[in-house]
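Participant: Structure in structure tokens, see below.
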Amino acid sequence: MTTLPPKALANPHDGWAECFIPPSMEKAILALPGFPAALQRPLQRTYSLVDVLGKGRGMIAACEIQAGDLIIEERPLVVGPTDWTVRTSVLPSLLQVERMQAAQEEQMVHAALQRMTSEYRKAFEDLLNSREDGISGPLRGRCKTNGFALGNIIHDDDDDKPFYGVFKTLSRVNHSCSPNAHYQWCTASFSMQLRATRRIAPGEPILLSYLSDLLDSSTKRRETLLRDYGFECDCPSCHDHIQSDIRRARLLTLSDNPVPYRDLMWRKSPLIWIQAPLEVVNLVALENVQACREFLKALYEVMNAYAVLGDLCAVSRYASRLVSMAKVFELSSEERNALLSYTDAGEVKKSLHFGFGQGWRKKLNDIPMMSLD
């Protein structure tokens with residue numbers, strides 16, 4: 001077990017995490033330039049924690065929050081591997097392996113709690129445990145119930161495995177299959193960021209998805225949530241699941257069969273290849289699943305279509321939304337700079353394909369302008 005960032009390097013206000021990671025990974029993290037980066041903080045308080053009927057503590061917006069805005073950036077209390085390695089001299093059954101993993105994790109998390117401040121220890125102990133399955137102990141159960149997938153944290157040739165993190169505040173955010181926020185891990189600051197995926201009004205619940213795929217059917221989503229988290233989802237998309245399932249299935253179809261617009265761009269009407277991404281934008285708005293990457297891709301394709309048509313106003317409109325949404329997802333600096341260039345009319349006009357389809361401008365009225373609010 002190790003503490004990251006080391007207390008000697010960390011700002012006490014930013015905190016630190018008790019981590020179960022291999023020495024090679026710790027060494028790679030500490031070697032990152034400028035580690036640990038300071039946590040970002042919004043200019044005003046963006047949230048409050050309140051009691052939510054039947055859902056424990058939850059997060060609500062304390063002010064108006066726009067798409068892409070940072071809600072909170074927080075370091076975890078505990079970081080551990082998704083799958084714990086068990087060493088034994090005999091060949092155990094799968095159930096025996098699971099029991100041994102559970103016992104090992106329970107013991108290690110208990111050791112981590114002894115290293116925490118009383119404030120952090122209480123925050124962890126106050127979290128809900130929905131894994132009372134006869135295998136998980138109360139500490140492991142809290143990790144499984146409240147842990148966020150962190151991915152590989154850092155790519156390491158020796159230990160390329162996924163990890164989870166449990167948080168003091170972020171682990172209080174409730175679930176929705178139509179979330180208005182999305183989280184992203186940042187190794188440079190060893191923290192998780194929560195950002196809005198659409199406008200959130202003051203007093204509105206801040207919700208994220210506990211699921212890996214928002215476009216699964218309501219039946220599959222509810223089965224997963226009941227199995228892993230012990231509750232039946234009652235969000236609007238699960239309540240009105242018939243129409244929601246139809247729209248999400250359509251989104252999957254459009255995502256799996258993208259229009260090859262780069263091939264069409266030079267010989268056919270932009271109206272042909274703009275239809276599919278516009279439909280995606282519309283369906284995403286109806287389902288409130290802006291947290292899926294299909295939305296980001298669709299916005300980019302529509303923006304490019306308007307560039308071909310020479311419509312600077314529409315390009316700027318979609319580019320601005322793209323820049324906001326790009327903060328939500330993990331993009332390279334090159335990708336972010338490329339998106340920013342589309343917000344500059346002068347730069348857009350310099351692009352090779354700008355105005356190439358101006359002959360089709362007489363049909364612009366046939367292209368619906370989708371609401372991005």
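So you can find residues: chains in the structure tokens are A, B, ... in the order shown, residues in each start at 1, and ligands are numbered from 1 in order.
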Give me, as a list in words, all polymer residues having an atom no more than 10 Å from Arg248 (chain A), counting only C-alpha atoms and skipping those fewer than 4 positions away in the same chain.
Facilitator: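 What passes the distance filter is Leu214, Leu215, Asp216, Ser217, Ser218, Ser237, Gln243, Ser244, Leu252, Thr253, Leu254, Val280, Leu283, Val284, Leu286, Glu287 and Val289 of chain A.
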Participant: Which residues are close to Arg41 (chain A), i.e. within 8 Å by only C-alpha atoms, leaving aside same-chain residues fewer than 3 positions away? Reply as number ranges by chain.
Facilitator: A: 70, 72-73
Participant: Take the selection from the previous step and output its residues with all heavy atoms, as a compact mmCIF listing (two decimals), in the first residue's frame.
Facilitator:
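Full text of out-v2.txt as output:
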# COMPACT_ATOMS: atom_id res chain seq x y z
N LEU A 70 -17.08 22.41 -15.09
CA LEU A 70 -16.60 21.55 -14.02
C LEU A 70 -17.52 21.67 -12.81
O LEU A 70 -17.82 22.78 -12.35
CB LEU A 70 -15.18 21.93 -13.63
CG LEU A 70 -14.55 21.15 -12.46
CD1 LEU A 70 -14.32 19.69 -12.85
CD2 LEU A 70 -13.24 21.81 -12.02
N ILE A 72 -17.07 19.31 -9.93
CA ILE A 72 -16.15 19.02 -8.83
C ILE A 72 -14.98 18.21 -9.38
O ILE A 72 -15.15 17.41 -10.30
CB ILE A 72 -16.85 18.24 -7.69
CG1 ILE A 72 -15.87 17.94 -6.55
CG2 ILE A 72 -17.49 16.97 -8.21
CD1 ILE A 72 -16.50 17.25 -5.35
N GLU A 73 -13.81 18.45 -8.82
CA GLU A 73 -12.64 17.60 -9.06
C GLU A 73 -12.17 17.11 -7.70
O GLU A 73 -11.98 17.92 -6.78
CB GLU A 73 -11.52 18.35 -9.78
CG GLU A 73 -10.33 17.44 -10.09
CD GLU A 73 -9.29 18.10 -10.98
OE1 GLU A 73 -9.35 19.34 -11.17
OE2 GLU A 73 -8.41 17.38 -11.49
Participant: Find, counting only C-alpha atoms, the residue in A:Arg131, A:Arg75, A:Lys220, A:His175 that gets nearest to Ser191 (chain A).
Facilitator: A:Arg75
Participant: Select, from A:Gly230, A:Gly80, A:Pro277, A:Pro36, the residue with the minimum atom-to-atom distance to Gly147 (chain A), counting only C-alpha atoms.
Facilitator: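 Checking each of A:Gly230, A:Gly80, A:Pro277, A:Pro36 against Gly147 (chain A), counting only C-alpha atoms, the winner is A:Gly80.
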Participant: Any idea what's packed within 7 Å of Ala62 (chain A), counting only C-alpha atoms, ignoring anything in its chain fewer than 2 positions away? Could you give it as a list of chain:residue names?
Facilitator: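 Near neighbours after the sequence-gap exclusion: A:Arg45, A:Thr46, A:Tyr47, A:Ser48, A:Ile60, A:Pro202, A:Gly203.
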Participant: How about saving the chosen residues, C-alpha atoms kept, as a short mmCIF file (atom, residue, chain, number, x, y, z; two decimals), in the first residue's frame?
Facilitator:
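The result, written out as out15.cif:
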data_model
loop_
_atom_site.label_atom_id
_atom_site.label_comp_id
_atom_site.auth_asym_id
_atom_site.auth_seq_id
_atom_site.Cartn_x
_atom_site.Cartn_y
_atom_site.Cartn_z
CA ARG A 45 -19.98 26.36 -5.35
CA THR A 46 -21.77 24.22 -7.91
CA TYR A 47 -23.48 21.59 -5.77
CA SER A 48 -24.99 20.63 -2.43
CA ILE A 60 -28.11 18.78 -6.51
CA PRO A 202 -30.35 25.32 -9.82
CA GLY A 203 -31.90 22.71 -7.53
#
Participant: For the atom pair CA of Leu211 (chain A) and CA of Cys177 (chain A), what is the interatomic distance in Å to one decimal place?
Facilitator: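 These two atoms are separated by 8.0 Å.
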